[in-house]
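Chemist: This is data17.txt, which holds compact mmCIF, C-alpha atoms:
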# COMPACT_ATOMS: atom_id res chain seq x y z
CA LEU A 1301 136.85 123.50 98.08
CA LEU A 1302 139.54 120.91 97.40
CA THR A 1303 138.42 117.37 96.69
CA LEU A 1304 140.24 114.07 96.69
CA THR A 1305 141.20 112.00 93.72
CA ASP A 1306 139.27 108.77 93.96
CA VAL A 1307 140.40 105.43 92.60
CA ASP A 1308 138.77 106.04 89.24
CA GLY A 1309 140.86 109.16 88.62
CA PRO A 1310 141.02 112.80 89.53
CA VAL A 1311 137.76 114.45 90.52
CA ASN A 1312 139.21 117.91 91.04
CA PRO A 1313 139.02 119.84 87.78
CA ASP A 1314 140.73 122.91 89.23
CA ARG A 1315 143.98 121.22 90.12
CA GLY A 1316 144.42 118.56 87.49
CA PRO A 1317 145.88 115.17 88.36
CA GLU A 1318 147.25 114.89 91.88
CA PRO A 1319 149.72 112.00 92.12
CA GLY A 1320 149.51 112.01 95.91
CA GLY A 1321 145.72 112.28 95.99
CA GLU A 1322 144.86 108.64 95.63
CA ARG A 1323 147.51 107.58 98.13
CA LEU A 1324 146.26 110.18 100.58
CA ALA A 1325 142.65 109.06 100.13
CA ARG A 1326 143.58 105.43 100.77
CA ALA A 1327 145.71 106.28 103.78
CA ALA A 1328 142.95 108.41 105.29
CA ALA A 1329 140.24 105.81 104.66
CA GLU A 1330 142.36 103.03 106.17
CA ALA A 1331 143.22 105.10 109.24
CA PHE A 1332 139.64 106.27 109.82
CA ALA A 1333 138.30 102.74 109.27
CA ALA A 1334 140.79 101.21 111.71
CA ARG A 1335 140.74 103.78 114.53
CA GLY A 1336 137.71 105.94 113.83
CA PHE A 1337 137.79 109.56 112.70
CA HIS A 1338 138.28 110.95 116.20
CA GLY A 1339 140.97 108.39 117.01
CA THR A 1340 143.06 109.35 113.98
CA SER A 1341 145.42 112.32 113.87
CA THR A 1342 146.16 114.31 110.72
CA ARG A 1343 149.82 113.61 111.44
CA HIS A 1344 149.13 109.85 111.31
CA VAL A 1345 147.31 110.14 107.97
CA ALA A 1346 150.15 112.22 106.53
CA ALA A 1347 152.75 109.67 107.68
CA ALA A 1348 150.72 106.77 106.23
CA ALA A 1349 150.49 108.62 102.91
CA GLY A 1350 154.22 109.32 102.94
CA MET A 1351 153.86 113.08 103.11
CA SER A 1352 154.56 115.75 105.68
CA PRO A 1353 151.68 117.23 107.73
CA ALA A 1354 152.42 120.53 105.96
CA ALA A 1355 152.00 118.89 102.55
CA LEU A 1356 148.69 117.39 103.66
CA TYR A 1357 147.46 120.80 104.79
CA VAL A 1358 148.09 122.09 101.27
CA HIS A 1359 145.32 119.73 100.14
CA HIS A 1360 143.05 119.80 103.19
CA ARG A 1361 142.85 122.52 105.79
CA SER A 1362 141.52 120.15 108.44
CA LYS A 1363 140.90 116.49 109.22
CA GLU A 1364 137.18 117.15 108.83
CA GLU A 1365 137.78 118.46 105.31
CA LEU A 1366 139.61 115.24 104.49
CA LEU A 1367 136.64 113.20 105.75
CA HIS A 1368 134.29 115.44 103.79
CA ALA A 1369 136.24 114.82 100.57
CA LEU A 1370 136.25 111.05 101.18
CA SER A 1371 132.52 111.09 101.94
CA LEU A 1372 131.68 113.06 98.81
CA ALA A 1373 133.82 110.85 96.57
CA GLY A 1374 132.38 107.64 98.06
CA HIS A 1375 128.76 108.72 97.81
CA ARG A 1376 129.22 110.08 94.28
CA ARG A 1377 130.65 106.73 93.18
CA VAL A 1378 127.69 104.84 94.66
CA LEU A 1379 125.18 107.27 93.12
CA ALA A 1380 126.86 106.81 89.73
CA LEU A 1381 126.83 103.03 90.24
CA VAL A 1382 123.09 102.79 90.95
CA ARG A 1383 122.27 105.23 88.13
CA ASP A 1384 124.45 103.18 85.76
CA ALA A 1385 122.48 100.05 86.66
CA VAL A 1386 119.21 101.80 85.83
CA ALA A 1387 120.63 103.18 82.57
CA ALA A 1388 122.12 99.83 81.52
CA VAL A 1389 119.09 97.62 82.18
CA GLY A 1390 116.20 100.07 81.84
CA ALA A 1391 112.85 99.90 83.57
CA ASP A 1392 111.22 97.39 81.21
CA ASP A 1393 112.54 94.38 83.12
CA PRO A 1394 112.11 95.18 86.84
CA VAL A 1395 113.47 91.81 88.02
CA ALA A 1396 116.68 92.08 85.97
CA LEU A 1397 117.09 95.72 86.99
CA LEU A 1398 116.68 94.89 90.66
CA GLY A 1399 119.18 92.06 90.34
CA ASP A 1400 121.80 94.20 88.63
CA LEU A 1401 121.29 97.04 91.08
CA VAL A 1402 121.69 94.80 94.13
CA GLU A 1403 124.63 92.89 92.65
CA ARG A 1404 126.58 96.06 91.82
CA PHE A 1405 125.71 97.73 95.13
CA VAL A 1406 126.72 94.71 97.22
CA GLU A 1407 129.91 94.01 95.28
CA HIS A 1408 130.97 97.65 95.70
CA HIS A 1409 130.49 97.51 99.47
CA ALA A 1410 132.53 94.29 99.71
CA THR A 1411 135.36 95.35 97.40
CA GLU A 1412 135.51 98.87 98.83
CA HIS A 1413 134.74 97.80 102.39
CA VAL A 1414 137.38 100.03 103.96
CA SER A 1415 136.27 103.32 102.42
CA SER A 1416 132.60 102.26 102.64
CA ARG A 1417 132.91 101.82 106.40
CA VAL A 1418 134.22 105.36 106.74
CA VAL A 1419 131.61 106.78 104.41
CA ASN A 1420 128.70 105.06 106.20
CA TYR A 1421 129.76 105.13 109.83
CA GLU A 1422 131.50 108.50 110.29
CA LEU A 1423 128.71 110.84 109.17
CA ALA A 1424 128.38 112.24 112.69
CA ALA A 1425 131.95 113.58 112.48
CA LEU A 1426 131.14 115.87 109.54
CA ASP A 1427 130.26 119.48 110.30
CA ASP A 1428 126.63 120.50 109.80
CA GLU A 1429 127.01 121.92 106.29
CA HIS A 1430 129.05 118.99 105.01
CA ARG A 1431 126.74 116.45 106.64
CA ALA A 1432 123.76 118.06 104.93
CA GLU A 1433 125.57 117.90 101.60
CA VAL A 1434 126.33 114.19 102.05
CA ALA A 1435 122.80 113.53 103.33
CA ALA A 1436 121.45 114.96 100.07
CA LEU A 1437 123.59 112.49 98.08
CA ARG A 1438 122.43 109.63 100.32
CA HIS A 1439 118.84 110.69 99.71
CA GLU A 1440 119.44 110.57 95.94
CA ILE A 1441 120.93 107.05 96.21
CA GLU A 1442 117.98 105.89 98.32
CA GLU A 1443 115.52 107.44 95.87
CA VAL A 1444 117.02 105.51 92.94
CA VAL A 1445 116.54 102.23 94.83
CA ARG A 1446 113.06 103.20 96.04
CA ASP A 1447 112.07 104.19 92.53
CA VAL A 1448 113.15 100.81 91.14
CA VAL A 1449 110.99 99.10 93.77
CA ARG A 1450 107.99 101.42 93.29
CA ARG A 1451 108.08 101.06 89.50
CA GLY A 1452 108.29 97.28 89.81
CA VAL A 1453 105.23 97.34 92.08
CA ALA A 1454 103.39 99.63 89.66
CA ALA A 1455 104.24 97.25 86.79
CA GLY A 1456 102.87 94.30 88.75
CA ALA A 1457 106.27 92.61 88.92
CA PHE A 1458 106.84 93.16 92.66
CA ALA A 1459 104.57 92.78 95.67
CA THR A 1460 105.28 94.54 98.96
CA ASP A 1461 103.19 96.23 101.63
CA ASP A 1462 105.75 99.00 101.99
CA PRO A 1463 108.05 99.66 99.00
CA ASP A 1464 110.23 102.15 100.90
CA LEU A 1465 110.81 99.80 103.83
CA SER A 1466 111.63 96.97 101.42
CA ALA A 1467 114.08 99.36 99.70
CA ALA A 1468 115.63 100.09 103.11
CA ALA A 1469 116.15 96.34 103.59
CA LEU A 1470 117.85 96.05 100.19
CA LEU A 1471 120.14 98.97 101.02
CA SER A 1472 120.98 97.38 104.39
CA LEU A 1473 122.09 94.15 102.69
CA GLY A 1474 124.72 96.16 100.83
CA VAL A 1475 125.80 98.68 103.43
CA ASP A 1476 126.22 96.08 106.17
CA VAL A 1477 128.56 94.04 103.97
CA SER A 1478 131.13 96.83 104.44
CA ARG A 1479 130.96 96.16 108.21
CA TRP A 1480 131.55 92.41 108.14
CA TYR A 1481 133.38 91.73 104.90
CA ARG A 1482 137.08 90.85 105.13
CA PRO A 1483 139.31 89.80 102.21
CA GLY A 1484 140.56 86.24 102.49
CA GLY A 1485 137.38 85.09 104.24
CA ARG A 1486 134.93 82.47 103.00
CA TRP A 1487 133.44 84.47 100.17
CA THR A 1488 134.71 86.74 97.40
CA PRO A 1489 132.89 90.03 96.78
CA ALA A 1490 131.44 88.49 93.59
CA GLU A 1491 130.09 85.49 95.52
CA VAL A 1492 128.37 87.65 98.14
CA ALA A 1493 126.95 89.87 95.38
CA ALA A 1494 125.65 86.94 93.33
CA HIS A 1495 123.99 85.35 96.36
CA TYR A 1496 122.33 88.61 97.41
CA ARG A 1497 121.18 89.18 93.84
CA GLY A 1498 119.24 85.95 94.29
CA LEU A 1499 117.67 87.13 97.56
CA ALA A 1500 116.36 90.44 96.24
CA PRO A 1501 113.52 89.31 93.94
CA ALA A 1502 112.23 86.95 96.62
CA MET A 1503 112.15 89.84 99.09
CA LEU A 1504 109.86 91.63 96.64
CA GLY A 1505 107.49 88.73 96.23
CA VAL A 1506 108.80 87.48 92.89
CA SER A 1507 107.97 83.78 92.82
CA GLY A 1508 110.77 81.51 91.70
CA GLY A 1509 113.22 83.82 93.42
CA GLY A 1510 115.68 82.60 96.01
CA THR A 1511 119.16 81.21 95.66
CA SER A 1512 118.68 77.48 95.28
CA GLY A 1513 118.63 75.33 92.20
CA LEU B 737 136.48 92.43 136.37
CA LEU B 738 133.71 94.93 137.01
CA THR B 739 130.72 94.81 134.69
CA LEU B 740 127.93 97.25 133.99
CA THR B 741 124.35 97.00 135.02
CA ASP B 742 122.32 96.70 131.85
CA VAL B 743 118.74 97.84 131.47
CA ASP B 744 117.35 94.51 132.62
CA GLY B 745 119.06 94.74 136.01
CA PRO B 746 122.42 94.27 137.65
CA VAL B 747 124.79 91.82 136.02
CA ASN B 748 127.56 92.17 138.56
CA PRO B 749 127.06 89.53 141.25
CA ASP B 750 130.07 90.71 143.27
CA ARG B 751 128.80 94.19 143.92
CA GLY B 752 125.04 93.85 144.15
CA PRO B 753 122.74 96.50 142.69
CA GLU B 754 124.50 99.64 141.48
CA PRO B 755 122.05 102.55 141.30
CA GLY B 756 124.45 104.53 139.08
CA GLY B 757 125.26 101.59 136.81
CA GLU B 758 122.36 101.90 134.40
CA ARG B 759 122.76 105.68 134.16
CA LEU B 760 126.48 105.25 133.51
CA ALA B 761 125.85 102.60 130.84
CA ARG B 762 123.34 104.85 129.05
CA ALA B 763 125.60 107.89 129.26
CA ALA B 764 128.56 105.94 127.89
CA ALA B 765 126.53 104.36 125.07
CA GLU B 766 125.08 107.72 124.05
CA ALA B 767 128.47 109.42 124.10
CA PHE B 768 130.24 106.64 122.18
CA ALA B 769 127.37 106.46 119.64
CA ALA B 770 127.41 110.23 119.08
CA ARG B 771 131.16 110.91 118.94
CA GLY B 772 132.78 107.51 118.63
CA PHE B 773 134.82 105.77 121.31
CA HIS B 774 138.02 107.66 120.52
CA GLY B 775 136.20 110.99 120.36
CA THR B 776 134.73 110.58 123.84
CA SER B 777 136.61 111.36 127.04
CA THR B 778 136.03 109.52 130.30
CA ARG B 779 135.45 112.94 131.84
CA HIS B 780 132.61 113.56 129.38
CA VAL B 781 130.95 110.21 130.18
CA ALA B 782 131.22 110.88 133.91
CA ALA B 783 129.65 114.34 133.51
CA ALA B 784 126.81 112.92 131.38
CA ALA B 785 126.14 110.30 134.05
CA GLY B 786 126.17 112.94 136.80
CA MET B 787 129.23 111.55 138.57
CA SER B 788 132.79 112.65 139.11
CA PRO B 789 135.62 111.11 137.04
CA ALA B 790 136.91 109.61 140.29
CA ALA B 791 133.56 107.91 140.94
CA LEU B 792 133.58 106.50 137.41
CA TYR B 793 137.08 105.09 137.93
CA VAL B 794 135.77 103.17 140.95
CA HIS B 795 133.64 101.21 138.49
CA HIS B 796 135.93 101.16 135.46
CA ARG B 797 139.67 101.59 135.45
CA SER B 798 139.70 102.80 131.85
CA LYS B 799 137.50 103.95 129.00
CA GLU B 800 138.26 100.68 127.22
CA GLU B 801 136.97 98.74 130.23
CA LEU B 802 133.74 100.72 130.04
CA LEU B 803 133.37 99.82 126.33
CA HIS B 804 134.17 96.21 127.16
CA ALA B 805 131.41 96.10 129.77
CA LEU B 806 128.90 97.67 127.35
CA SER B 807 129.93 95.25 124.59
CA LEU B 808 129.57 92.21 126.85
CA ALA B 809 126.18 93.30 128.17
CA GLY B 810 124.88 94.09 124.67
CA HIS B 811 126.04 90.83 123.12
CA ARG B 812 124.79 88.77 126.06
CA ARG B 813 121.35 90.34 125.67
CA VAL B 814 121.24 89.51 121.96
CA LEU B 815 122.47 85.96 122.56
CA ALA B 816 119.74 85.48 125.18
CA LEU B 817 117.19 86.97 122.79
CA VAL B 818 117.96 84.60 119.91
CA ARG B 819 118.16 81.62 122.25
CA ASP B 820 114.79 82.60 123.77
CA ALA B 821 113.24 82.62 120.29
CA VAL B 822 114.51 79.08 119.64
CA ALA B 823 113.31 77.91 123.05
CA ALA B 824 109.89 79.54 122.69
CA VAL B 825 109.05 78.32 119.19
CA GLY B 826 111.11 75.14 118.93
CA ALA B 827 112.53 73.60 115.77
CA ASP B 828 109.35 71.85 114.62
CA ASP B 829 108.08 74.90 112.74
CA PRO B 830 111.08 76.39 110.92
CA VAL B 831 109.08 79.18 109.26
CA ALA B 832 107.53 80.40 112.53
CA LEU B 833 110.90 80.10 114.29
CA LEU B 834 112.65 82.10 111.58
CA GLY B 835 109.93 84.75 111.76
CA ASP B 836 110.13 85.08 115.53
CA LEU B 837 113.92 85.17 115.47
CA VAL B 838 114.08 87.91 112.84
CA GLU B 839 111.27 89.94 114.42
CA ARG B 840 112.90 89.93 117.87
CA PHE B 841 116.38 90.58 116.49
CA VAL B 842 115.26 93.50 114.30
CA GLU B 843 113.05 95.07 116.98
CA HIS B 844 115.95 94.94 119.45
CA HIS B 845 118.29 96.72 117.05
CA ALA B 846 115.71 99.46 116.40
CA THR B 847 114.65 99.97 120.03
CA GLU B 848 118.23 99.75 121.33
CA HIS B 849 119.76 101.49 118.32
CA VAL B 850 122.08 103.67 120.41
CA SER B 851 123.78 100.89 122.37
CA SER B 852 123.61 98.56 119.35
CA ARG B 853 125.61 101.03 117.27
CA VAL B 854 128.35 101.08 119.91
CA VAL B 855 128.31 97.32 120.30
CA ASN B 856 128.54 96.67 116.55
CA TYR B 857 130.74 99.49 115.30
CA GLU B 858 133.37 99.98 118.03
CA LEU B 859 134.82 96.47 118.18
CA ALA B 860 138.17 97.73 116.87
CA ALA B 861 138.55 99.91 119.97
CA LEU B 862 138.57 96.89 122.32
CA ASP B 863 141.92 95.48 123.37
CA ASP B 864 142.88 92.09 121.91
CA GLU B 865 141.71 89.96 124.82
CA HIS B 866 138.37 91.76 125.17
CA ARG B 867 137.78 91.74 121.41
CA ALA B 868 138.35 87.97 121.35
CA GLU B 869 135.87 87.54 124.19
CA VAL B 870 133.22 89.58 122.36
CA ALA B 871 134.01 87.81 119.07
CA ALA B 872 133.23 84.49 120.78
CA LEU B 873 129.80 85.83 121.81
CA ARG B 874 129.20 87.12 118.27
CA HIS B 875 130.11 83.69 116.94
CA GLU B 876 127.55 82.08 119.27
CA ILE B 877 124.85 84.51 118.09
CA GLU B 878 125.68 83.82 114.44
CA GLU B 879 125.68 80.07 115.08
CA VAL B 880 122.15 80.20 116.51
CA VAL B 881 120.91 81.96 113.36
CA ARG B 882 122.89 79.67 111.05
CA ASP B 883 121.56 76.64 112.88
CA VAL B 884 117.97 77.77 112.41
CA VAL B 885 118.62 78.14 108.68
CA ARG B 886 120.49 74.83 108.35
CA ARG B 887 117.81 72.90 110.23
CA GLY B 888 115.11 74.45 108.09
CA VAL B 889 117.01 73.38 104.97
CA ALA B 890 117.47 69.87 106.38
CA ALA B 891 113.74 69.68 107.13
CA GLY B 892 112.93 70.69 103.56
CA ALA B 893 111.26 73.93 104.68
CA PHE B 894 113.96 76.28 103.33
CA ALA B 895 115.89 76.35 100.08
CA THR B 896 119.21 78.16 99.74
CA ASP B 897 122.47 77.51 97.94
CA ASP B 898 124.45 78.77 100.91
CA PRO B 899 122.77 78.65 104.34
CA ASP B 900 125.56 80.56 106.08
CA LEU B 901 125.53 83.40 103.56
CA SER B 902 121.74 83.60 103.79
CA ALA B 903 122.13 83.73 107.59
CA ALA B 904 124.63 86.58 107.15
CA ALA B 905 122.01 88.46 105.13
CA LEU B 906 119.39 87.95 107.87
CA LEU B 907 121.83 89.22 110.51
CA SER B 908 122.61 92.27 108.33
CA LEU B 909 118.94 93.21 108.14
CA GLY B 910 118.91 93.52 111.92
CA VAL B 911 122.34 94.98 112.62
CA ASP B 912 122.03 97.68 109.96
CA VAL B 913 118.76 98.89 111.48
CA SER B 914 120.83 100.21 114.40
CA ARG B 915 122.71 102.40 111.90
CA TRP B 916 119.73 104.03 110.20
CA TYR B 917 116.90 103.84 112.73
CA ARG B 918 115.87 107.07 114.44
CA PRO B 919 112.91 107.47 116.84
CA GLY B 920 110.21 109.74 115.49
CA GLY B 921 110.87 108.68 111.90
CA ARG B 922 108.43 106.96 109.54
CA TRP B 923 108.39 103.59 111.24
CA THR B 924 108.19 102.28 114.80
CA PRO B 925 110.55 99.47 115.82
CA ALA B 926 107.58 97.08 115.75
CA GLU B 927 106.68 98.11 112.19
CA VAL B 928 110.22 97.56 110.90
CA ALA B 929 110.39 94.22 112.74
CA ALA B 930 107.03 93.02 111.37
CA HIS B 931 107.97 93.96 107.80
CA TYR B 932 111.35 92.24 108.01
CA ARG B 933 109.68 89.18 109.53
CA GLY B 934 107.77 89.00 106.26
CA LEU B 935 110.95 89.24 104.17
CA ALA B 936 112.83 86.44 105.91
CA PRO B 937 110.91 83.34 104.71
CA ALA B 938 110.98 84.62 101.12
CA MET B 939 114.76 85.01 101.38
CA LEU B 940 114.89 81.32 102.25
CA GLY B 941 112.76 80.21 99.36
CA VAL B 942 109.50 79.74 101.28
CA SER B 943 106.77 80.27 98.71
CA GLY B 944 103.91 82.48 99.81
CA GLY B 945 106.39 84.61 101.73
CA GLY B 946 106.77 88.35 101.21
CA THR B 947 105.01 91.25 102.82
CA SER B 948 101.98 91.89 100.62
CA GLY B 949 98.45 90.86 100.93
Represent the structure of the file as structure tokens.

Modeler:
Amino acid sequence: LLTLTDVDGPVNPDRGPEPGGERLARAAAEAFAARGFHGTSTRHVAAAAGMSPAALYVHHRSKEELLHALSLAGHRRVLALVRDAVAAVGADDPVALLGDLVERFVEHHATEHVSSRVVNYELAALDDEHRAEVAALRHEIEEVVRDVVRRGVAAGAFATDDPDLSAAALLSLGVDVSRWYRPGGRWTPAEVAAHYRGLAPAMLGVSGGGTSG
Amino acid sequence: LLTLTDVDGPVNPDRGPEPGGERLARAAAEAFAARGFHGTSTRHVAAAAGMSPAALYVHHRSKEELLHALSLAGHRRVLALVRDAVAAVGADDPVALLGDLVERFVEHHATEHVSSRVVNYELAALDDEHRAEVAALRHEIEEVVRDVVRRGVAAGAFATDDPDLSAAALLSLGVDVSRWYRPGGRWTPAEVAAHYRGLAPAMLGVSGGGTSG
């Protein structure tokens, strides 16, 4: 299976660096985000990436395989991001961990709003096997966030009737940013992320939370 | 301009009741939600609604016009819903108003998750004039929510550094439910709505908020 180079560098150990990979990934994400997967032709993606359709087919045998590669790369980045937050802060300070987790997650979905829209809203276009593979990654991401909430509850730092539903709300705050965020609008990604970092503890019953003062 | 009958009854005063209108609206919403606007043919929508393509074209001259009608009906319902909450509760009790607003908004996006996905995620497929018309309705919906937050801040009931960004977070909690909610899952629409009702005051700095206890 061929995979795409993501913006952090090549993720395909079999092929080594692919100079056209990043450009192709960006072109595909922008086209899928603007017109939807089904409204985008492989020919259009190839033209946007400055390559011939034949050259694109060297990398990806079908449009669905291109979406699959984008979806894997996007979800792997987010999984690494939430795991990094847990590793960096540790579980001893649930409020700081929650804040870091939410801030990183939200900022990613604002900064990478184009690819995040594709990754979150085009799952139905994947074939069954690929969708199951991506669903497993999504489940891992959700479990990291749920675990942070559950541990905070167990430690007495958080209060919620339903930790998993509160975790779903936290995830929604981030994912939905990729739907509405546009560069050049009222807020930078860092401003949205900082504000939402302030909302998260309050949502989990931490007194003194909130965004004022 | 022909418009669709929505689930609450006919919205086209020129034509009177259209028995096929609701079925057509549901078939179109389900098809667009499952395969995306660009991945759905008018022929497919007609077949799903049990009518001929010619019969569909009597109602809608194009697939885009069908999406436009769905988008108008969906946004008008949500605008009515948020206005009803304000009218029912009034501005004298900001915490109760916020709770009602969030509960109704979230429950709608869970119950009507199929049409809500189309309405929220296919805006790019509308032509410029129709997209501007729908954007104006979205702006009105957002302004109702922002106004509830701003008034609560002015009354000293809420505390937030940025009322409009907090309002964006509240809207995200509802809209994103239409992405992830599936019937037969862990939570009913009413359960999600009740839990999120509990989150909203805490997000606006109301002490004693949260969902526990």

Chemist: Using only C-alpha atoms, what does the table of chain A residues within 8 Å of chain B look like, with each row giving the shortest atom pair and its distance in Å to one decimal, sorted by chain and ascending number, as a Markdown table?

Modeler:
| residue | atom | partner | partner_atom | distance |
| --- | --- | --- | --- | --- |
| A:Ala1334 | CA | B:Ala860 | CA | 6.8 |
| A:Arg1335 | CA | B:Ala860 | CA | 7.0 |
| A:Gly1336 | CA | B:His774 | CA | 6.9 |
| A:Phe1337 | CA | B:Gly775 | CA | 8.0 |
| A:His1338 | CA | B:Gly775 | CA | 4.7 |
| A:Gly1339 | CA | B:His774 | CA | 4.6 |
| A:Tyr1421 | CA | B:Arg915 | CA | 7.8 |
| A:Ala1424 | CA | B:Ala770 | CA | 6.8 |
| A:Ala1425 | CA | B:Arg771 | CA | 7.0 |
| A:Ala1459 | CA | B:Ser948 | CA | 5.7 |
| A:Thr1460 | CA | B:Ser948 | CA | 4.5 |
| A:Asp1461 | CA | B:Ser948 | CA | 4.6 |
| A:Asp1462 | CA | B:Thr947 | CA | 7.8 |
| A:Leu1465 | CA | B:Val928 | CA | 7.4 |
| A:Ser1466 | CA | B:His931 | CA | 7.9 |
| A:Ala1469 | CA | B:Leu909 | CA | 6.2 |
| A:Ser1472 | CA | B:Asp912 | CA | 5.7 |
| A:Leu1473 | CA | B:Ser908 | CA | 6.0 |
| A:Val1475 | CA | B:Asp912 | CA | 7.6 |
| A:Asp1476 | CA | B:Ser908 | CA | 5.7 |
| A:Val1477 | CA | B:Ser908 | CA | 7.6 |
| A:Arg1479 | CA | B:Tyr857 | CA | 7.8 |
| A:Val1492 | CA | B:Leu901 | CA | 7.5 |
| A:His1495 | CA | B:Leu901 | CA | 7.6 |
| A:Tyr1496 | CA | B:Ala905 | CA | 7.7 |
| A:Leu1499 | CA | B:Met939 | CA | 5.2 |
| A:Ala1500 | CA | B:Met939 | CA | 7.6 |
| A:Ala1502 | CA | B:Ala938 | CA | 5.2 |
| A:Met1503 | CA | B:Leu935 | CA | 5.3 |
| A:Leu1504 | CA | B:Gly946 | CA | 6.4 |
| A:Gly1505 | CA | B:Gly946 | CA | 5.0 |
| A:Ser1507 | CA | B:Ser943 | CA | 7.0 |
| A:Gly1509 | CA | B:Gly941 | CA | 7.0 |
| A:Gly1510 | CA | B:Gly941 | CA | 5.0 |
| A:Thr1511 | CA | B:Thr896 | CA | 5.1 |
| A:Ser1512 | CA | B:Thr896 | CA | 4.5 |
| A:Gly1513 | CA | B:Asp897 | CA | 7.2 |

Chemist: Quick one: residues within 10 Å of Ala1385 (chain A), only C-alpha atoms counted, chain neighbours fewer than 5 positions away excluded, as an NGL selection string?

Modeler: :A and (1380 or 1390 or 1396-1405 or 1444)

Chemist: Find the residues near His804 (chain B): any atom within 8 Å, counting only C-alpha atoms, skip ones fewer than 3 places away on the same chain, and give them as an NGL selection string.

Modeler: :B and (800-801 or 807-808 or 862 or 866)

Chemist: At what distance in Å, to one decimal, does CA of Thr1488 (chain A) lie from CA of Gly1321 (chain A)?

Modeler: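 The value is 27.8 Å.
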
Chemist: Could you check how far CA of Arg886 (chain B) sits from CA of Ala929 (chain B), in Å to one decimal?

Modeler: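 Pair CA of Arg886 (chain B) / CA of Ala929 (chain B) returns 22.3 Å.
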
Chemist: Within 7 Å of Arg1446 (chain A), counting all atoms listed in the file, which residues qualify if same-chain residues fewer than 3 places away don't, as a list in words?

Modeler: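 Near neighbours after the sequence-gap exclusion: Glu1442, Glu1443, Val1449, Arg1450, Pro1463, Asp1464 and Ala1467 of chain A.
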
Chemist: So how many Å separate CA of Ser1478 (chain A) and CA of Lys799 (chain B), to one decimal?

Modeler: 26.4 Å

Chemist: Please provide the set of residues having any atom within 12 Å of Asp1392 (chain A), restricted to all atoms listed in the file, with same-chain residues fewer than 4 positions apart removed, written as a ChimeraX atom specification.

Modeler: /A:1386-1388,1396-1398,1448,1451-1452,1454-1457

Chemist: Skipping near chain neighbours, those fewer than 2 positions away, what residues fall within 7 Å of Ala1410 (chain A) using all atoms listed in the file, listed as a list in words?

Modeler: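 Close residues of Ala1410 (chain A): Val1406, Glu1407, His1408, Glu1412, His1413, Val1477, Ser1478, Tyr1481 and Pro1489 of chain A.
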
Chemist: Using the selection just defined, write its residues with C-alpha atoms as a tab-separated table (two decimals), in the coordinates of the input.

Modeler:
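File again14.tsv, as written:
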chain	number	residue	atom	x	y	z
A	1406	VAL	CA	126.72	94.71	97.22
A	1407	GLU	CA	129.91	94.01	95.28
A	1408	HIS	CA	130.97	97.65	95.70
A	1412	GLU	CA	135.51	98.87	98.83
A	1413	HIS	CA	134.74	97.80	102.39
A	1477	VAL	CA	128.56	94.04	103.97
A	1478	SER	CA	131.13	96.83	104.44
A	1481	TYR	CA	133.38	91.73	104.90
A	1489	PRO	CA	132.89	90.03	96.78

Chemist: Generate N, CA, C and O atoms for region 1346-1353 of chain A and emit them as an mmCIF file, in the coordinates of the input.

Modeler:
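Wrote it out as rebuild38.cif, contents follow:
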data_model
loop_
_atom_site.group_PDB
_atom_site.id
_atom_site.type_symbol
_atom_site.label_atom_id
_atom_site.label_comp_id
_atom_site.auth_asym_id
_atom_site.auth_seq_id
_atom_site.Cartn_x
_atom_site.Cartn_y
_atom_site.Cartn_z
ATOM 1 N N ALA A 1346 149.055 111.708 107.364
ATOM 2 C CA ALA A 1346 150.150 112.220 106.530
ATOM 3 C C ALA A 1346 151.293 111.202 106.473
ATOM 4 O O ALA A 1346 151.810 110.881 105.394
ATOM 5 N N ALA A 1347 151.658 110.647 107.632
ATOM 6 C CA ALA A 1347 152.750 109.670 107.680
ATOM 7 C C ALA A 1347 152.399 108.434 106.857
ATOM 8 O O ALA A 1347 153.231 107.920 106.096
ATOM 9 N N ALA A 1348 151.140 107.964 106.982
ATOM 10 C CA ALA A 1348 150.720 106.770 106.230
ATOM 11 C C ALA A 1348 150.722 107.024 104.729
ATOM 12 O O ALA A 1348 150.920 106.100 103.938
ATOM 13 N N ALA A 1349 150.490 108.273 104.333
ATOM 14 C CA ALA A 1349 150.490 108.620 102.910
ATOM 15 C C ALA A 1349 151.884 109.001 102.417
ATOM 16 O O ALA A 1349 152.059 109.335 101.239
ATOM 17 N N GLY A 1350 152.850 108.969 103.328
ATOM 18 C CA GLY A 1350 154.220 109.320 102.940
ATOM 19 C C GLY A 1350 154.417 110.779 102.630
ATOM 20 O O GLY A 1350 155.215 111.140 101.764
ATOM 21 N N MET A 1351 153.669 111.632 103.313
ATOM 22 C CA MET A 1351 153.860 113.080 103.110
ATOM 23 C C MET A 1351 153.973 113.762 104.463
ATOM 24 O O MET A 1351 153.660 113.183 105.507
ATOM 25 N N SER A 1352 154.449 114.998 104.432
ATOM 26 C CA SER A 1352 154.560 115.750 105.680
ATOM 27 C C SER A 1352 153.191 116.316 106.040
ATOM 28 O O SER A 1352 152.340 116.509 105.168
ATOM 29 N N PRO A 1353 152.945 116.572 107.345
ATOM 30 C CA PRO A 1353 151.680 117.230 107.730
ATOM 31 C C PRO A 1353 151.474 118.534 106.958
ATOM 32 O O PRO A 1353 150.347 118.838 106.552
#
